[in-house]
file input13.csv (CSV, C-alpha atoms)
chain,number,residue,atom,x,y,z
A,1495,MET,CA,-4.0,-16.9,3.9
A,1496,SER,CA,-4.4,-17.3,0.1
A,1497,GLY,CA,-6.6,-20.3,-0.3
A,1498,THR,CA,-4.0,-22.3,-2.1
A,1499,ALA,CA,-0.7,-23.8,-0.9
A,1500,LEU,CA,0.9,-23.5,-4.4
A,1501,LEU,CA,0.1,-19.8,-4.5
A,1502,GLY,CA,1.8,-19.4,-1.1
A,1503,GLU,CA,4.9,-21.2,-2.5
A,1504,LEU,CA,4.9,-19.0,-5.6
A,1505,ILE,CA,4.8,-15.8,-3.5
A,1506,GLU,CA,7.6,-17.2,-1.3
A,1507,ALA,CA,9.8,-18.1,-4.4
A,1508,LEU,CA,9.3,-14.6,-5.9
A,1509,HIS,CA,10.2,-13.1,-2.6
A,1510,CYS,CA,13.7,-14.6,-3.0
A,1511,LEU,CA,14.4,-12.2,-5.9
A,1512,PRO,CA,16.5,-9.2,-4.9
A,1513,GLY,CA,14.5,-6.1,-4.1
A,1514,VAL,CA,11.2,-8.0,-4.0
A,1515,GLY,CA,9.4,-7.8,-0.7
A,1516,GLY,CA,6.3,-9.7,0.5
A,1517,LYS,CA,3.8,-7.3,-1.0
A,1518,SER,CA,5.5,-7.0,-4.3
A,1519,ALA,CA,5.8,-10.8,-4.5
A,1520,GLN,CA,2.1,-11.1,-3.9
A,1521,ARG,CA,1.3,-8.5,-6.5
A,1522,MET,CA,3.6,-10.3,-9.1
A,1523,ALA,CA,1.9,-13.6,-8.4
A,1524,PHE,CA,-1.6,-12.2,-8.7
A,1525,HIS,CA,-0.7,-10.3,-11.9
A,1526,LEU,CA,0.7,-13.4,-13.6
A,1527,LEU,CA,-2.3,-15.5,-12.5
A,1528,GLU,CA,-4.9,-13.0,-13.4
A,1529,ARG,CA,-3.6,-11.6,-16.6
A,1530,ASP,CA,-0.4,-13.0,-17.9
A,1531,ARG,CA,-0.2,-16.8,-17.6
A,1532,ASP,CA,1.6,-17.2,-20.9
A,1533,ARG,CA,4.3,-14.8,-19.9
A,1534,GLY,CA,4.5,-16.6,-16.5
A,1535,LEU,CA,5.1,-19.9,-18.3
A,1536,LYS,CA,7.6,-18.2,-20.6
A,1537,LEU,CA,9.5,-16.8,-17.7
A,1538,ALA,CA,9.5,-20.2,-16.0
A,1539,ALA,CA,11.0,-21.9,-19.1
A,1540,VAL,CA,13.6,-19.2,-19.7
A,1541,LEU,CA,14.6,-19.2,-16.1
A,1542,GLU,CA,15.1,-22.9,-16.0
A,1543,GLN,CA,17.1,-22.9,-19.2
A,1544,ALA,CA,19.3,-20.0,-18.0
A,1545,MET,CA,20.0,-21.5,-14.6
A,1546,GLN,CA,21.0,-24.8,-16.3
A,1547,ARG,CA,22.8,-23.6,-19.4
A,1548,ILE,CA,24.6,-20.3,-18.6
A,1549,GLY,CA,28.2,-20.9,-17.5
A,1550,ARG,CA,31.3,-18.8,-17.7
A,1551,CYS,CA,33.3,-17.8,-20.8
A,1552,GLU,CA,36.7,-19.6,-20.7
A,1553,ARG,CA,38.5,-16.5,-21.8
A,1554,CYS,CA,36.9,-13.5,-20.0
A,1555,ARG,CA,34.9,-15.3,-17.3
A,1556,ASN,CA,31.7,-13.4,-18.2
A,1557,PHE,CA,28.4,-15.3,-18.3
A,1558,SER,CA,28.1,-17.4,-21.5
A,1559,GLU,CA,26.2,-20.3,-22.8
A,1560,GLU,CA,29.1,-21.3,-25.1
A,1561,PRO,CA,32.7,-22.0,-24.0
A,1562,LEU,CA,33.6,-18.6,-25.5
A,1563,CYS,CA,31.2,-15.6,-25.1
A,1564,MET,CA,30.0,-13.4,-27.9
A,1565,LEU,CA,32.3,-10.5,-27.0
A,1566,CYS,CA,35.4,-12.8,-27.0
A,1567,THR,CA,34.5,-14.4,-30.4
A,1568,SER,CA,33.5,-11.1,-32.0
A,1569,GLY,CA,35.8,-10.2,-34.9
A,1570,SER,CA,35.0,-6.5,-34.5
A,1571,ARG,CA,36.4,-6.0,-31.0
A,1572,ASP,CA,39.9,-4.6,-30.5
A,1573,ARG,CA,42.1,-7.2,-29.0
A,1574,ARG,CA,44.8,-4.8,-28.0
A,1575,VAL,CA,42.7,-3.2,-25.2
A,1576,LEU,CA,41.4,-5.2,-22.2
A,1577,CYS,CA,39.0,-3.7,-19.6
A,1578,VAL,CA,38.9,-5.4,-16.2
A,1579,VAL,CA,35.6,-5.2,-14.3
A,1580,GLU,CA,34.4,-6.8,-11.1
A,1581,SER,CA,31.2,-8.2,-12.4
A,1582,PRO,CA,28.9,-8.5,-15.4
A,1583,THR,CA,26.8,-5.6,-14.0
A,1584,GLU,CA,29.7,-3.2,-14.6
A,1585,LEU,CA,30.5,-4.8,-18.0
A,1586,ALA,CA,26.9,-4.1,-19.0
A,1587,ALA,CA,27.1,-0.5,-17.7
A,1588,ILE,CA,30.2,0.2,-19.7
A,1589,GLU,CA,28.8,-1.4,-22.9
A,1590,GLN,CA,25.6,0.7,-22.6
A,1591,ALA,CA,27.3,4.0,-21.7
A,1592,THR,CA,30.5,4.1,-23.7
A,1593,GLY,CA,31.7,3.4,-27.2
A,1594,TYR,CA,34.3,1.0,-25.9
A,1595,ARG,CA,35.2,-1.6,-28.6
A,1596,GLY,CA,37.9,-3.6,-26.8
A,1597,GLN,CA,37.6,-6.7,-24.8
A,1598,TYR,CA,36.8,-7.5,-21.2
A,1599,PHE,CA,38.0,-9.6,-18.3
A,1600,VAL,CA,35.4,-10.2,-15.5
A,1601,LEU,CA,36.9,-10.9,-12.1
A,1602,MET,CA,33.5,-12.0,-10.6
A,1603,GLY,CA,34.5,-10.4,-7.3
A,1604,ARG,CA,37.2,-8.4,-5.8
A,1605,LEU,CA,40.3,-9.1,-3.7
A,1606,SER,CA,39.0,-9.8,-0.2
A,1607,PRO,CA,41.1,-12.4,1.6
A,1608,LEU,CA,38.7,-12.5,4.6
A,1609,ASP,CA,35.9,-13.7,2.3
A,1610,GLY,CA,38.2,-16.2,0.6
A,1611,MET,CA,38.6,-14.1,-2.5
A,1612,GLY,CA,42.3,-14.3,-3.5
A,1613,PRO,CA,44.0,-14.0,-6.9
A,1614,GLU,CA,43.2,-17.6,-7.7
A,1615,GLU,CA,39.4,-17.1,-7.2
A,1616,LEU,CA,39.4,-14.0,-9.4
A,1617,GLY,CA,41.1,-15.8,-12.3
A,1618,LEU,CA,44.3,-13.7,-12.1
A,1619,PRO,CA,46.7,-16.4,-13.2
A,1620,GLN,CA,44.6,-16.6,-16.4
A,1621,LEU,CA,44.8,-12.8,-16.7
A,1622,THR,CA,48.5,-12.9,-16.1
A,1623,ALA,CA,48.9,-15.4,-19.0
A,1624,ARG,CA,46.9,-13.2,-21.3
A,1625,LEU,CA,48.9,-10.1,-20.4
A,1626,GLY,CA,52.1,-12.0,-21.2
A,1627,ASP,CA,51.1,-13.1,-24.7
A,1628,GLY,CA,52.1,-9.8,-26.3
A,1629,GLU,CA,48.7,-9.0,-27.8
A,1630,ILE,CA,47.4,-6.6,-25.2
A,1631,GLU,CA,48.7,-3.0,-25.1
A,1632,GLU,CA,46.5,-1.3,-22.6
A,1633,LEU,CA,44.8,-2.7,-19.5
A,1634,ILE,CA,41.8,-0.5,-18.4
A,1635,ILE,CA,41.2,-1.1,-14.7
A,1636,ALA,CA,37.5,-0.4,-14.0
A,1637,THR,CA,37.1,-1.8,-10.6
A,1638,ASN,CA,34.6,0.0,-8.2
A,1639,PRO,CA,36.0,2.9,-6.2
A,1640,THR,CA,35.6,1.1,-2.9
A,1641,VAL,CA,38.4,0.0,-0.5
A,1642,GLU,CA,38.5,-3.5,-1.8
A,1643,GLY,CA,38.1,-2.3,-5.4
A,1644,GLU,CA,41.1,0.0,-4.9
A,1645,ALA,CA,43.2,-2.8,-3.5
A,1646,THR,CA,42.3,-5.0,-6.4
A,1647,ALA,CA,43.1,-2.1,-8.8
A,1648,HIS,CA,46.5,-1.7,-7.1
A,1649,TYR,CA,47.2,-5.4,-7.6
A,1650,LEU,CA,46.2,-5.3,-11.3
A,1651,VAL,CA,48.5,-2.4,-11.9
A,1652,GLN,CA,51.4,-4.5,-10.8
A,1653,LEU,CA,50.3,-7.4,-13.0
A,1654,ALA,CA,50.0,-5.1,-16.0
A,1655,ARG,CA,53.5,-3.6,-15.5
A,1656,ALA,CA,55.0,-7.1,-15.0
A,1657,GLY,CA,53.5,-8.1,-18.3
A,1658,GLY,CA,54.8,-5.0,-20.1
A,1659,VAL,CA,51.2,-3.6,-20.5
A,1660,ARG,CA,50.2,0.0,-20.0
A,1661,PRO,CA,47.7,0.2,-17.0
A,1662,THR,CA,45.0,2.9,-17.1
A,1663,ARG,CA,42.2,3.8,-14.7
A,1664,LEU,CA,38.8,5.5,-15.1
A,1665,ALA,CA,38.9,9.2,-14.3
A,1666,HIS,CA,37.5,10.3,-10.9
A,1667,GLY,CA,35.9,13.7,-10.3
A,1668,VAL,CA,32.7,15.6,-10.2
A,1669,PRO,CA,29.9,13.8,-12.0
A,1670,LEU,CA,28.5,15.5,-15.1
A,1671,GLY,CA,25.3,17.4,-14.2
A,1672,GLY,CA,26.2,17.2,-10.5
A,1673,GLU,CA,26.1,20.3,-8.4
A,1674,LEU,CA,29.3,20.9,-6.4
A,1675,GLU,CA,27.3,21.5,-3.3
A,1676,TYR,CA,26.0,17.9,-3.3
A,1677,VAL,CA,29.2,16.1,-4.3
A,1678,ASP,CA,30.8,14.3,-1.4
A,1679,ARG,CA,33.9,15.8,0.2
A,1680,GLY,CA,36.4,13.1,-0.9
A,1681,THR,CA,35.3,13.4,-4.6
A,1682,LEU,CA,35.4,17.1,-4.5
A,1683,ALA,CA,38.9,17.2,-2.9
A,1684,HIS,CA,40.1,14.7,-5.5
A,1685,ALA,CA,38.6,16.7,-8.4
A,1686,PHE,CA,40.1,19.9,-7.0
A,1687,GLY,CA,43.5,18.4,-6.6
A,1688,SER,CA,43.4,16.8,-10.1
A,1689,ARG,CA,42.2,20.0,-11.8
A,1690,GLN,CA,43.3,20.3,-15.4
A,1691,LEU,CA,44.7,23.1,-17.5
A,1692,VAL,CA,42.1,24.4,-20.0
A,1693,ASP,CA,43.7,24.5,-23.5
B,524,MET,CA,25.2,-6.3,-24.7
B,525,SER,CA,25.4,-9.2,-22.2
B,526,GLY,CA,27.5,-11.7,-24.1
B,527,THR,CA,24.7,-14.4,-24.2
B,528,ALA,CA,21.4,-14.4,-25.9
B,529,LEU,CA,19.8,-16.5,-23.2
B,530,LEU,CA,20.8,-14.0,-20.6
B,531,GLY,CA,19.1,-11.3,-22.7
B,532,GLU,CA,16.0,-13.4,-22.9
B,533,LEU,CA,16.0,-13.9,-19.1
B,534,ILE,CA,16.3,-10.2,-18.4
B,535,GLU,CA,13.5,-9.5,-20.9
B,536,ALA,CA,11.2,-12.1,-19.2
B,537,LEU,CA,11.9,-10.8,-15.7
B,538,HIS,CA,11.1,-7.3,-17.1
B,539,CYS,CA,7.5,-8.4,-17.7
B,540,LEU,CA,6.9,-8.7,-14.0
B,541,PRO,CA,4.9,-5.7,-12.6
B,542,GLY,CA,7.1,-3.1,-11.0
B,543,VAL,CA,10.4,-4.5,-12.5
B,544,GLY,CA,12.3,-2.2,-14.8
B,545,GLY,CA,15.2,-3.0,-17.0
B,546,LYS,CA,17.9,-2.3,-14.4
B,547,SER,CA,16.1,-4.4,-11.7
B,548,ALA,CA,15.5,-7.2,-14.2
B,549,GLN,CA,19.3,-7.2,-14.9
B,550,ARG,CA,20.1,-7.2,-11.2
B,551,MET,CA,17.8,-10.1,-10.6
B,552,ALA,CA,19.2,-12.2,-13.4
B,553,PHE,CA,22.8,-11.6,-12.3
B,554,HIS,CA,21.9,-12.3,-8.7
B,555,LEU,CA,20.3,-15.6,-9.5
B,556,LEU,CA,23.2,-16.6,-11.9
B,557,GLU,CA,26.0,-15.6,-9.5
B,558,ARG,CA,24.6,-16.6,-6.2
B,559,ASP,CA,21.3,-18.4,-6.2
B,560,ARG,CA,20.9,-20.9,-9.1
B,561,ASP,CA,19.1,-23.4,-6.9
B,562,ARG,CA,16.5,-20.8,-5.9
B,563,GLY,CA,16.3,-19.8,-9.6
B,564,LEU,CA,15.5,-23.3,-10.5
B,565,LYS,CA,13.0,-23.6,-7.7
B,566,LEU,CA,11.3,-20.4,-8.8
B,567,ALA,CA,11.1,-21.7,-12.4
B,568,ALA,CA,9.5,-25.0,-11.2
B,569,VAL,CA,7.0,-23.4,-8.9
B,570,LEU,CA,6.1,-20.8,-11.5
B,571,GLU,CA,5.4,-23.4,-14.1
B,572,GLN,CA,3.3,-25.5,-11.7
B,573,ALA,CA,1.4,-22.4,-10.5
B,574,MET,CA,0.6,-21.2,-14.0
B,575,GLN,CA,-0.7,-24.6,-15.0
B,576,ARG,CA,-2.5,-25.8,-12.0
B,577,ILE,CA,-4.0,-22.8,-10.2
B,578,GLY,CA,-7.6,-22.3,-11.3
B,579,ARG,CA,-10.6,-20.8,-9.7
B,580,CYS,CA,-12.6,-22.1,-6.7
B,581,GLU,CA,-16.1,-23.1,-8.0
B,582,ARG,CA,-17.8,-21.6,-5.0
B,583,CYS,CA,-16.0,-18.3,-4.2
B,584,ARG,CA,-14.0,-17.7,-7.5
B,585,ASN,CA,-10.8,-17.2,-5.6
B,586,PHE,CA,-7.6,-18.8,-6.9
B,587,SER,CA,-7.4,-22.5,-6.0
B,588,GLU,CA,-5.7,-25.7,-7.1
B,589,GLU,CA,-8.7,-27.8,-6.1
B,590,PRO,CA,-12.3,-27.4,-7.3
B,591,LEU,CA,-13.0,-25.8,-3.9
B,592,CYS,CA,-10.5,-23.6,-2.1
B,593,MET,CA,-9.2,-24.0,1.4
B,594,LEU,CA,-11.4,-21.2,2.7
B,595,CYS,CA,-14.6,-22.6,1.3
B,596,THR,CA,-13.9,-26.2,2.6
B,597,SER,CA,-12.7,-25.0,6.0
B,598,GLY,CA,-15.0,-26.2,8.7
B,599,SER,CA,-14.1,-23.3,11.0
B,600,ARG,CA,-15.3,-20.4,8.9
B,601,ASP,CA,-18.7,-18.9,9.6
B,602,ARG,CA,-21.1,-19.7,6.7
B,603,ARG,CA,-23.6,-17.0,7.7
B,604,VAL,CA,-21.3,-14.1,6.7
B,605,LEU,CA,-20.1,-13.6,3.2
B,606,CYS,CA,-17.6,-10.8,2.3
B,607,VAL,CA,-17.5,-9.7,-1.4
B,608,VAL,CA,-14.1,-8.4,-2.6
B,609,GLU,CA,-12.9,-7.3,-6.1
B,610,SER,CA,-9.8,-9.5,-6.2
B,611,PRO,CA,-7.6,-11.9,-4.2
B,612,THR,CA,-5.4,-8.9,-3.3
B,613,GLU,CA,-8.2,-7.5,-1.1
B,614,LEU,CA,-9.1,-10.9,0.2
B,615,ALA,CA,-5.4,-11.3,1.4
B,616,ALA,CA,-5.4,-7.8,2.9
B,617,ILE,CA,-8.6,-8.5,4.9
B,618,GLU,CA,-7.3,-11.9,6.0
B,619,GLN,CA,-4.1,-10.4,7.2
B,620,ALA,CA,-5.5,-7.3,8.9
B,621,THR,CA,-8.8,-8.4,10.5
B,622,GLY,CA,-10.0,-11.3,12.5
B,623,TYR,CA,-12.8,-12.1,10.0
B,624,ARG,CA,-13.9,-15.7,10.2
B,625,GLY,CA,-16.6,-15.7,7.6
B,626,GLN,CA,-16.4,-16.7,3.9
B,627,TYR,CA,-15.6,-14.7,0.8
B,628,PHE,CA,-16.8,-14.1,-2.8
B,629,VAL,CA,-14.2,-12.8,-5.2
B,630,LEU,CA,-15.6,-10.9,-8.2
B,631,MET,CA,-12.3,-10.9,-10.1
B,632,GLY,CA,-13.1,-7.4,-11.3
B,633,ARG,CA,-15.7,-4.7,-10.9
B,634,LEU,CA,-18.8,-3.6,-12.9
B,635,SER,CA,-17.4,-1.8,-15.9
B,636,PRO,CA,-19.7,-2.3,-19.0
B,637,LEU,CA,-17.2,-0.4,-21.2
B,638,ASP,CA,-14.5,-3.0,-20.5
B,639,GLY,CA,-17.0,-5.8,-21.0
B,640,MET,CA,-17.3,-6.5,-17.3
B,641,GLY,CA,-21.0,-7.1,-16.6
B,642,PRO,CA,-22.8,-9.1,-13.9
B,643,GLU,CA,-22.2,-12.3,-15.8
B,644,GLU,CA,-18.4,-11.9,-15.9
B,645,LEU,CA,-18.3,-11.1,-12.2
B,646,GLY,CA,-20.2,-14.4,-11.3
B,647,LEU,CA,-23.2,-12.5,-9.9
B,648,PRO,CA,-25.7,-15.1,-11.0
B,649,GLN,CA,-23.7,-17.5,-8.8
B,650,LEU,CA,-23.7,-15.0,-6.0
B,651,THR,CA,-27.5,-14.5,-6.3
B,652,ALA,CA,-28.0,-18.2,-6.0
B,653,ARG,CA,-26.0,-18.4,-2.9
B,654,LEU,CA,-27.8,-15.4,-1.4
B,655,GLY,CA,-31.1,-17.2,-2.1
B,656,ASP,CA,-30.3,-20.5,-0.3
B,657,GLY,CA,-31.1,-19.1,3.2
B,658,GLU,CA,-27.7,-19.8,4.8
B,659,ILE,CA,-26.2,-16.3,4.5
B,660,GLU,CA,-27.4,-13.6,7.0
B,661,GLU,CA,-25.0,-10.8,6.2
B,662,LEU,CA,-23.3,-9.7,3.0
B,663,ILE,CA,-20.2,-7.5,3.7
B,664,ILE,CA,-19.5,-5.4,0.7
B,665,ALA,CA,-15.8,-4.6,0.5
B,666,THR,CA,-15.3,-3.3,-3.0
B,667,ASN,CA,-12.8,-0.5,-3.4
B,668,PRO,CA,-14.0,3.1,-2.8
B,669,THR,CA,-13.6,4.0,-6.5
B,670,VAL,CA,-16.3,5.1,-8.9
B,671,GLU,CA,-16.6,1.6,-10.4
B,672,GLY,CA,-16.3,0.0,-7.0
B,673,GLU,CA,-19.1,2.1,-5.7
B,674,ALA,CA,-21.3,1.2,-8.6
B,675,THR,CA,-20.6,-2.4,-8.0
B,676,ALA,CA,-21.4,-2.0,-4.3
B,677,HIS,CA,-24.7,-0.4,-5.2
B,678,TYR,CA,-25.6,-3.3,-7.4
B,679,LEU,CA,-24.6,-5.8,-4.7
B,680,VAL,CA,-26.8,-4.0,-2.1
B,681,GLN,CA,-29.8,-4.6,-4.4
B,682,LEU,CA,-28.9,-8.3,-4.8
B,683,ALA,CA,-28.6,-8.7,-1.0
B,684,ARG,CA,-31.9,-7.1,-0.3
B,685,ALA,CA,-33.6,-9.2,-3.0
B,686,GLY,CA,-32.2,-12.3,-1.4
B,687,GLY,CA,-33.4,-11.2,2.1
B,688,VAL,CA,-29.8,-10.8,3.3
B,689,ARG,CA,-28.5,-7.8,5.4
B,690,PRO,CA,-25.9,-5.8,3.3
B,691,THR,CA,-23.1,-4.0,5.2
B,692,ARG,CA,-20.2,-1.8,4.0
B,693,LEU,CA,-16.8,-1.0,5.4
B,694,ALA,CA,-16.7,2.2,7.4
B,695,HIS,CA,-15.2,5.2,5.7
B,696,GLY,CA,-13.3,8.0,7.6
B,697,VAL,CA,-10.0,9.3,8.8
B,698,PRO,CA,-7.4,6.5,8.7
B,699,LEU,CA,-5.9,5.6,12.1
B,700,GLY,CA,-2.7,7.4,12.8
B,701,GLY,CA,-3.4,9.8,9.9
B,702,GLU,CA,-3.2,13.5,10.5
B,703,LEU,CA,-6.3,15.5,9.7
B,704,GLU,CA,-4.2,18.0,7.8
B,705,TYR,CA,-3.2,15.4,5.2
B,706,VAL,CA,-6.5,13.6,4.8
B,707,ASP,CA,-8.1,14.3,1.5
B,708,ARG,CA,-11.1,16.7,1.5
B,709,GLY,CA,-13.7,14.1,0.5
B,710,THR,CA,-12.7,11.7,3.2
B,711,LEU,CA,-12.6,14.5,5.8
B,712,ALA,CA,-16.0,15.8,4.8
B,713,HIS,CA,-17.4,12.3,5.0
B,714,ALA,CA,-15.8,11.6,8.4
B,715,PHE,CA,-17.1,14.9,9.7
B,716,GLY,CA,-20.6,14.3,8.4
B,717,SER,CA,-20.7,10.8,9.8
B,718,ARG,CA,-19.4,11.8,13.2
B,719,GLN,CA,-20.5,9.5,16.0
B,720,LEU,CA,-21.7,10.2,19.5
B,721,VAL,CA,-19.1,9.3,22.1
B,722,ASP,CA,-20.7,7.1,24.7
call {"tool": "encode", "arguments": {"input": "input13.csv", "output": "structure tokens"}}
result
Amino acid sequence: MSGTALLGELIEALHCLPGVGGKSAQRMAFHLLERDRDRGLKLAAVLEQAMQRIGRCERCRNFSEEPLCMLCTSGSRDRRVLCVVESPTELAAIEQATGYRGQYFVLMGRLSPLDGMGPEELGLPQLTARLGDGEIEELIIATNPTVEGEATAHYLVQLARAGGVRPTRLAHGVPLGGELEYVDRGTLAHAFGSRQLVD
Amino acid sequence: MSGTALLGELIEALHCLPGVGGKSAQRMAFHLLERDRDRGLKLAAVLEQAMQRIGRCERCRNFSEEPLCMLCTSGSRDRRVLCVVESPTELAAIEQATGYRGQYFVLMGRLSPLDGMGPEELGLPQLTARLGDGEIEELIIATNPTVEGEATAHYLVQLARAGGVRPTRLAHGVPLGGELEYVDRGTLAHAFGSRQLVD
């Protein structure tokens, strides 16, 4: 189709990126070839480096090039608060949206025995050890509000209590700027039931 | 934000792809790191190869690893018909949609003196030479129906006539499956004016 086998391979390889269809992959390949070869080469180099060198932080399991990530080694993060998230995506969202200054623990998944994701795979023995060392006072459980996320949260609450740590969860309710009419039933029922006294 | 400088660089580099915003770039990076490192490495390798080795076909100016592209060297393409397109994107679209078996000439742009795109930059001297060698009988002008594309088409018609070659253009009109109500005025007026006798 394209007059060159390598171009076909490039389009195919770009197609493997999430959210990139055949047309977009073709557009990307043509764009890089026609206008941005330097950036294409830069992307190739960074991609290779990243795939080879980025591992997991030994302490929080987040992505890291070093044995310990920047958040774990930072002297300015509060070591008494630990926020548990399912993946680096949620960690990034919390870092970007909130003023949270504590530390994180990244499960890299959620409890899902059928998919072979048990406590061991999520690093929970490691988390248990950290909860037991007396430094952490609050465990913020920020798993996703899905069935599996809720099951994971339930399990984490038990772990926190066993370690003498106060477990907290993110508040559920009507999103800011959302119109009640368009909020799903479950959320609205929850928000209504958890209404708070105005003081 | 992300706990690793290299990850930040990777997200930044993916962000340079057309149509990829910050969120998508992050999603791509996490996806590759969490689930698809092999494909990430494969993409890096193909990308580097493609940026370094893909050049232009000497005959039709399309992308090619070899001095002559596969379409130009193919023995099964009709050498009496030449289709002129603005870029490889349009070439690919025509190859995919039509049963065209002739050859191509890729301008890699359109006449636009203000942007420094003159006949020289579009390889028109080369095209003139080909039109003059007596092999080509029809020049299919498939530039985009924009102001600059039309100006380019006009110029190409002159070139074809000067070379004794029959110039043809793609038909304009109501798209198949389109509803008249939603077709833009200019197209509808053109289609109405160019109505054809049913035989």
call {"tool": "closest_residue", "arguments": {"input": "input13.csv", "among": "A:Asp1678, A:Glu1552, A:Glu1542, A:Glu1629", "to": "Met1564 of chain A", "atoms": "all atoms listed in the file"}}
result
A:Glu1552
call {"tool": "residues_near_point", "arguments": {"input": "input13.csv", "point": "(48.3, -10.5, -16.7)", "cutoff": "10 Å", "atoms": "all atoms listed in the file", "output": "PyMOL selection string"}}
result
chain A and resi 1617-1627+1630+1633+1650-1659
call {"tool": "closest_atom_pairs", "arguments": {"input": "input13.csv", "of": "chain B", "to": "chain A", "cutoff": "7 Å", "atoms": "all atoms listed in the file", "output": "tab-separated table"}}
result
residue	atom	partner	partner_atom	distance
B:Met524	CA	A:Glu1589	CA	6.3
B:Ser525	CA	A:Ala1586	CA	6.2
B:Gly526	CA	A:Met1564	CA	4.9
B:Thr527	CA	A:Ser1558	CA	5.3
B:Leu529	CA	A:Ala1544	CA	6.3
B:Leu530	CA	A:Ala1544	CA	6.7
B:Leu533	CA	A:Val1540	CA	5.8
B:Ala536	CA	A:Leu1537	CA	5.2
B:Leu537	CA	A:Leu1537	CA	6.8
B:Leu540	CA	A:Met1522	CA	6.1
B:Pro541	CA	A:Met1522	CA	5.9
B:Met551	CA	A:Pro1512	CA	5.9
B:Leu556	CA	A:Met1545	CA	6.4
B:Arg560	CA	A:Met1545	CA	5.6
B:Gly563	CA	A:Met1545	CA	6.4
B:Leu564	CA	A:Glu1542	CA	5.5
B:Leu566	CA	A:Ala1507	CA	5.2
B:Ala567	CA	A:Ala1538	CA	4.2
B:Ala568	CA	A:Ala1538	CA	6.8
B:Val569	CA	A:Leu1504	CA	5.9
B:Leu570	CA	A:Ala1538	CA	5.7
B:Glu571	CA	A:Leu1535	CA	5.5
B:Ala573	CA	A:Leu1500	CA	6.2
B:Met574	CA	A:Arg1531	CA	5.7
B:Phe586	CA	A:Gly1497	CA	6.8
B:Ser587	CA	A:Thr1498	CA	5.2
B:Glu588	CA	A:Thr1498	CA	6.3
B:Cys592	CA	A:Gly1497	CA	5.4
B:Met593	CA	A:Gly1497	CA	4.8
B:Leu594	CA	A:Gly1497	CA	5.7
B:Ala615	CA	A:Ser1496	CA	6.2
B:Glu618	CA	A:Met1495	CA	6.3
call {"tool": "atom_distance", "arguments": {"input": "input13.csv", "atom1": "atom CA of Arg1550 of chain A", "atom2": "atom CA of Arg1574 of chain A"}}
result
22.0 Å
call {"tool": "atom_distance", "arguments": {"input": "input13.csv", "atom1": "atom CA of Val604 of chain B", "atom2": "atom CA of Glu644 of chain B"}}
result
22.9 Å
call {"tool": "closest_residue", "arguments": {"input": "input13.csv", "among": "A:His1666, A:Arg1689, A:Arg1573, A:Arg1660", "to": "Pro1639 of chain A", "atoms": "only C-alpha atoms"}}
result
A:His1666
call {"tool": "atom_distance", "arguments": {"input": "input13.csv", "atom1": "atom CA of Leu1691 of chain A", "atom2": "atom CA of Thr1662 of chain A"}}
result
20.2 Å
call {"tool": "residues_around", "arguments": {"input": "input13.csv", "residues": "Pro698 of chain B", "least_positions_apart": "6", "cutoff": "12 Å", "atoms": "all atoms listed in the file", "output": "MDAnalysis selection string"}}
result
chainID B and resid 704:707 710:711 714
call {"tool": "residues_near_point", "arguments": {"input": "input13.csv", "point": "(-15.9, -12.9, 9.6)", "cutoff": "8 Å", "atoms": "only C-alpha atoms", "output": "number ranges by chain"}}
result
B: 600-601, 604-606, 622-626
call {"tool": "axis_aligned_box", "arguments": {"input": "input13.csv", "around": "segment 1572-1590 of chain A", "padding_each_side": "3 Å", "output": "AutoDock Vina command-line options"}}
result
--center_x 35.2 --center_y -3.9 --center_z -20.8 --size_x 25.2 --size_y 15.2 --size_z 25.4
call {"tool": "closest_residue", "arguments": {"input": "input13.csv", "among": "A:Glu1673, A:Glu1631, A:Leu1605, A:Gly1516", "to": "Ala1647 of chain A", "atoms": "only C-alpha atoms"}}
result
A:Leu1605
